[in-house]
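A.B. asks: Here it is, the structure in full.
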Amino acid sequence: MTIVTGKAEARRRLQSGRSGVLRKIWDHRADYAYVLPAIAVMLIVIAYPIYYTIELSFFKTPPGLQLRDKTFIGFDNYTAILTSEVFWKVTWNTLIWTLGSTLISFVLGFATALALHRAFIGRGVLRAILIIPWVISAVAASYIWKWIYHSDFGIIGAVLVGLGLADRPPNFIDSVSTVLPSLIVVNIWREFPFAMIMMMAGLQTVPEQLLRAAQVDGASAWQRFWHVTFPHLRNVSTVTILLLAVANFNSFIIPWIMTGGGPSNASHIWITHIYELAFGRQRWGVASAYSVLLFLILMTLGYFYVRALSGNERKEGSA
Amino acid sequence: MTRITLGSAVLRGTVATALMASLMSTSALGAPPVDLSKWSPEYVRSIAGTQDFDAAADCAKVTPLDYKGRLTFWYQGVFEGDPDLLRQYYKDFFETFRKTYPNIQLEEQALTYNDLLDKFRTALLGNAAPMAVRLQILGGTEFASKGYLQPLKPEDVGYSTEDFWPGAMKAVTWEGVTYGIPTNNETMAFIWNADIFKRAGLDPDKAPATWDDVVKYSKQIHDKLGIAGYGLVARKNAGNTPYRFMPQLWAYGGGVFDEATANPTYEQVKLDSPQSKAALQASYDMYVRDKSVPVSALTNQQADNQPLFLAGQLGMMISHPSDYDVMLDLQKKATGADKDKAQTVIDNMRYGLIPTGPDGKRAVVFGGSNIHILKPEYVEGGKVDEPAAKAIICMWTSPEWSLKMAYAGSNPGNLNGFKTKWMKERLDNIKFLDVTTSMLPYGIPFPALPQAPEIMNIIVPDMLQNALTGAMTVDQAADDAAKKVRDLMGGL
């Protein structure tokens with residue numbers, strides 16, 4: 001008769017568990033082999049830069065010296081960032097930029113998707129036209145809008161002056177108070193087609209029978225939308241908003257090309273500020289610390305994005 | 001067309017003499033190929049076309065013409081504000097180099113002024129830099145001080161140090177060692193539209209004498225005609241901004257440091273001095289008080305001022321003689337009534353010396369570019385083909401090509417370029433060239449410090465923007481900028 005002690009039992013379970021994991025890996029070795037190259041590439045191009053950025057964020061990198069001459073300063077870069085006036089100004093700009101662009105793009109995209117959901121003559125053409133801003137290169141769009149907004153001879157200014165609605169062209173991007181809203185308008189113009197496409201796809205999944213049944217039961221258009229359509233779009237809406245938010249947090253091209261963060265830092269958002277710190281002023285350590293903070297925020301958004309996707313899958317699985 | 005008498009003005013005044021001495025202050029100034037003490041438009045005309053040079057033969061002594069090798073090369077190339085003529089010369093240069101050195105595999109890449117520094121810094125961090133690079137004058141010291149560049153002096157490619165402007169040689173020297181060779185050097189001039197002056201009640205043939213006059217003229221033009229008077233530029237990270245604001249700052253007696261003196265020490269920050277604040281106040285008066293300059297100045301570059309000027313919507317600006325060619329190019333592309341309008345502006349284009357400050361001080365940025373060879377450890381592949389690099393450097397800095405590559409907008413880095421037949425041809429073809437050439441003795445180089453790019457491209461434009469947007473008062477903006485420079489110099 002064998003007496004099994006608690007410790008021995010735990011060891012056996014652990015070994016069995018380990019061999020179970022190893023066995024599973026072995027059983028799926030072909031699957032792992034398929035994804036191995038992708039994992040290797042990710043480790044090189046994603047994991048290592050992340051590690052290096054985190055490491056660099058703890059070093060002082062004087063602009064007059066090479067990067068290899070950096071000195072360890074612990075959390076000083078983080079302290080310097082969080083206590084600097086510019087950080088809070090840029091953070092405020094980033095919040096306005098991200099929330100403004102994301103929410104308005106989503107609402108506008110959703111409204112357009114609803115309008116285009118019903119069949120009417122020319123719907124296909126209209127859809128194609130509305131997608132144009134999204135497929136245009138952001139660089140080209142930024143230059144075009146810069147000219148449209150030009151404070152001396154922009155098209156908007158010329159039209160307003162020509163119609164007698166203004167004495168001189170309005171100042172869109174050369175004023176600290178109007179520059180950020182003006183850039184947000186450009187960003188919304190570029191992004192709302194993405195939200196529109198996502199929501200149009202979502203609308204295809206709303207069961208027609210349910211809408212008809214609700215209509216037969218006397219539900220108004222608003223009630224049908226709120227009680228039938230919208231619940232079906234909750235997950236796609238969450239995913240769309242999260243994707244827009246992540247893209248906007250990371251948005252660089254429009255503010256950099258149109259204003260370079262100016263005038264007087266009024267349109268600097270995190271990503272443009274990080275770029276200027278690193279490549280313009282060569283404060284690699286401070287720029288890395290900024291990047292780590294941005295990374296943490298984006299990871300949090302990413303977590304919610306994955307959760308939203310998993311929720312979708314679970315619901316589809318149980319349906 | 002006005003003919004401006006400039007010869008006597010060039011050598012006038014003690015300040016100009018001091019600046020001249022600064023440009024000439026080098027031990028190597030034994031026997032330069034041209035006599036800088038006689039510098040005037042007349043003197044430049046007298047030496048033009050007096051000597052022949054053979055670039056291929058000279059460079060064959062440095063690198064044999066049948067040399068087989070490979071060279072990666074980045075350079076600050078032409079951009080949207082340059083005339084077509086310059087594009088053609090760049091094309092011709094690379095074609096000629098390939099014909100002269102058929103066995104050197106050349107991989108060149110052109111980058112614009114505003115992008116080059118950022119991209120080059122990034123490439124250096126990844127040890128992926130090119131073997132040779134042509135940088136703006138502002139960049140040489142930064143990279144030399146960090147140890148990225150190999151020592152390189154004119155003698156290494158068959159020329160002598162005296163063949164180049166002494167002031168330009170200072171910009172490629174760090175702690176007594178030379179790390180590059182000047183390719184071109186330039187000073188800008190003051191440009192105005194005589195027709196606009198006339199219609200605004202100003203003397204059409206007389207440029208504003210002082211910067212205070214510029215402020216006054218700008219307001220008068222704006223008030224009478226409703227158009228912009230002076231082409232202010234205050235964009236950040238754009239070379240155009242310091243090139244236009246620093247002459248104003250120096251003329252008022254200010255400076256970032258003491259760079260406008262004969263022997264600068266760069267020890268004391270002067271951006272918050274009363275003189276510097278007076279210069280900033282002049283910009284403030286034009287932009288905020290009088291609203292007499294383009295509103296778009298904060299996001300503009302000189303390339304944006306050019307169409308405004310051609311459209312007759314801008315009265316005055318600071319630029320190169322190449323702007324005349326740019327205007328001709330733009331006029332050719334115009335149609336209908338616009339074409340005639342543009343021609344009227346071109347006919348009324350005038351060039352003069354940059355105005356002085358209240359004390360008669362005249363100054364202009366001594367600009368240009370330098371060419372360098374990288375150390376192998378920072379180059380892609382870890383190898384530098386030195387003979388190939390020296391071959392292209394020899395050709396670019398030769399009297400012939402240093403002139404041709406600066407044909408429309410600048411001047412040859414190699415002083416012998418002034419003696420070539422192409423200089424003579426250039427003086428006949430490029431209008432107003434003698435005016436900008438006359439400004440050369442007033443040229444002040446940017447501080448030869450590793451921190452200079454950040455000061456000129458970020459801190460100075462930030463100061464302007466802070467004052468002009470009302471984010472800070474003039475005093476606060478100047479004090480803030482001075483503090484930033486002190487922090488930067490202190491290693492923060």
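Each chain in the structure tokens gets a letter, A, B and so on, in the order shown; residues start at 1 in every chain, and ligands are counted from 1 in the order they appear.
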Which neighbours of Thr79 (chain A) fall inside 10 Å, counting only C-alpha atoms, when residues of the same chain fewer than 5 positions from it are skipped, and could you give them as a ChimeraX atom specification?
C.D. replies: /A:74,84,286,289
A.B. asks: Those same residues, written as a CSV table (one decimal), in the first residue's frame with all heavy atoms?
C.D. replies:
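Ended up saving to part-v8.csv:
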```
chain,number,residue,atom,x,y,z
A,74,GLY,N,17.5,57.0,-13.0
A,74,GLY,CA,16.2,56.5,-12.4
A,74,GLY,C,15.0,57.0,-13.0
A,74,GLY,O,14.8,57.1,-14.2
A,84,SER,N,6.4,69.2,-15.5
A,84,SER,CA,6.6,70.3,-16.4
A,84,SER,C,5.3,70.9,-16.9
A,84,SER,O,4.3,70.2,-17.0
A,84,SER,CB,7.4,69.9,-17.6
A,84,SER,OG,6.6,69.2,-18.5
A,286,VAL,N,14.0,61.6,-22.2
A,286,VAL,CA,12.7,62.2,-21.9
A,286,VAL,C,11.7,61.7,-22.9
A,286,VAL,O,10.5,61.4,-22.5
A,286,VAL,CB,12.8,63.8,-21.9
A,286,VAL,CG1,11.5,64.4,-21.5
A,286,VAL,CG2,13.9,64.3,-21.0
A,289,ALA,N,10.6,58.3,-22.0
A,289,ALA,CA,9.7,58.3,-20.8
A,289,ALA,C,8.3,58.7,-21.3
A,289,ALA,O,7.3,58.0,-20.9
A,289,ALA,CB,10.2,59.2,-19.8
```
A.B. asks: Residues of chain B within 8 Å of chain A, counting only C-alpha atoms, what are they? List them as a VMD selection string.
C.D. replies: chain B and resid 118 121 to 122 125 142 145 to 147 236 to 237 294 to 299 450 to 451 454 458 462 465 to 466 469 471 491 to 492
A.B. asks: Can you write out the residues you just picked, keeping C-alpha atoms, as a PDB file, in the first residue's frame?
C.D. replies:
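Full text of selection-v7.pdb as output:
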```pdb
ATOM      1  CA  ASP B 118      16.318  64.740 -38.275  1.00  0.00           C
ATOM      2  CA  ARG B 121      20.471  61.931 -36.668  1.00  0.00           C
ATOM      3  CA  THR B 122      18.158  58.930 -36.835  1.00  0.00           C
ATOM      4  CA  LEU B 125      21.675  56.194 -34.072  1.00  0.00           C
ATOM      5  CA  GLU B 142      26.928  69.191 -33.835  1.00  0.00           C
ATOM      6  CA  SER B 145      31.515  67.382 -31.509  1.00  0.00           C
ATOM      7  CA  LYS B 146      29.771  64.054 -31.052  1.00  0.00           C
ATOM      8  CA  GLY B 147      32.518  62.229 -32.863  1.00  0.00           C
ATOM      9  CA  LYS B 236       9.443  76.462 -36.282  1.00  0.00           C
ATOM     10  CA  ASN B 237      11.884  73.819 -37.557  1.00  0.00           C
ATOM     11  CA  PRO B 294       1.193  87.949 -43.644  1.00  0.00           C
ATOM     12  CA  VAL B 295      -0.983  86.387 -40.927  1.00  0.00           C
ATOM     13  CA  SER B 296       0.326  83.033 -42.097  1.00  0.00           C
ATOM     14  CA  ALA B 297       3.866  83.978 -41.009  1.00  0.00           C
ATOM     15  CA  LEU B 298       3.710  81.517 -38.092  1.00  0.00           C
ATOM     16  CA  THR B 299       3.237  78.504 -40.353  1.00  0.00           C
ATOM     17  CA  PRO B 450      26.776  71.705 -31.176  1.00  0.00           C
ATOM     18  CA  GLN B 451      23.650  73.258 -29.662  1.00  0.00           C
ATOM     19  CA  GLU B 454      18.264  73.507 -31.488  1.00  0.00           C
ATOM     20  CA  ILE B 458      13.465  75.566 -32.155  1.00  0.00           C
ATOM     21  CA  ASP B 462       9.493  79.494 -30.304  1.00  0.00           C
ATOM     22  CA  GLN B 465       5.756  82.498 -31.836  1.00  0.00           C
ATOM     23  CA  ASN B 466       5.285  83.047 -28.107  1.00  0.00           C
ATOM     24  CA  THR B 469       0.591  84.817 -30.677  1.00  0.00           C
ATOM     25  CA  ALA B 471       1.055  83.533 -25.461  1.00  0.00           C
ATOM     26  CA  GLY B 491      23.416  70.321 -20.252  1.00  0.00           C
ATOM     27  CA  LEU B 492      19.718  70.147 -19.368  1.00  0.00           C
TER      28      LEU B 492
END
```
A.B. asks: List every residue of region 181-262 of chain B that DSSP, applied to the backbone of this structure, places in helix (DSSP H, G or I), and write the result as number ranges by chain.
C.D. replies: B: 194-199, 211-225, 240-251
A.B. asks: Could you work out how far CA of Pro358 (chain B) lies from CA of Ala260 (chain B), giving the answer in Å with one decimal?
C.D. replies: 15.6 Å
A.B. asks: Can you list, as a list in words, every protein, DNA or RNA residue that comes within 12 Å of Asp167 (chain A) when you count only C-alpha atoms, leaving out same-chain residues fewer than 6 positions away?
C.D. replies: Asp152, Gly157, Ala158, Val159, Leu160 and Val161 of chain A; Gly226 of chain B
A.B. asks: Among region 58-285 of chain A, which ones does DSSP assign to strand (DSSP E or B) (computed from the backbone)? Answer as a list of chain:residue names.
C.D. replies: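 The strand (DSSP E or B) residues within region 58-285 of chain A come out as A:Phe59, A:Lys60, A:Thr71, A:Phe72.
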A.B. asks: Include N, CA, C and O atoms and write out the residues we just selected as a tab-separated table (two decimals), in the first residue's frame.
C.D. replies:
```tsv
chain	number	residue	atom	x	y	z
A	59	PHE	N	17.38	56.98	-18.45
A	59	PHE	CA	18.71	57.57	-18.67
A	59	PHE	C	18.62	59.03	-19.09
A	59	PHE	O	17.65	59.44	-19.74
A	60	LYS	N	19.64	59.77	-18.72
A	60	LYS	CA	19.78	61.14	-19.21
A	60	LYS	C	20.61	61.07	-20.49
A	60	LYS	O	21.67	60.42	-20.51
A	71	THR	N	23.57	58.60	-19.09
A	71	THR	CA	23.81	58.30	-17.67
A	71	THR	C	22.50	57.93	-16.99
A	71	THR	O	21.46	58.55	-17.25
A	72	PHE	N	22.57	56.93	-16.10
A	72	PHE	CA	21.37	56.43	-15.42
A	72	PHE	C	20.86	57.47	-14.42
A	72	PHE	O	21.63	57.96	-13.60
```
A.B. asks: Taking only C-alpha atoms into account, which of B:Trp422, B:Thr63, B:Pro166, B:Leu464 comes nearest Gln281 (chain B)?
C.D. replies: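 Using only C-alpha atoms, Gln281 (chain B) sits closest to B:Leu464.
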A.B. asks: What separation in Å, quoted to one decimal, exists between CA of Val172 (chain B) and CA of Ser410 (chain B)?
C.D. replies: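 The value is 18.3 Å.
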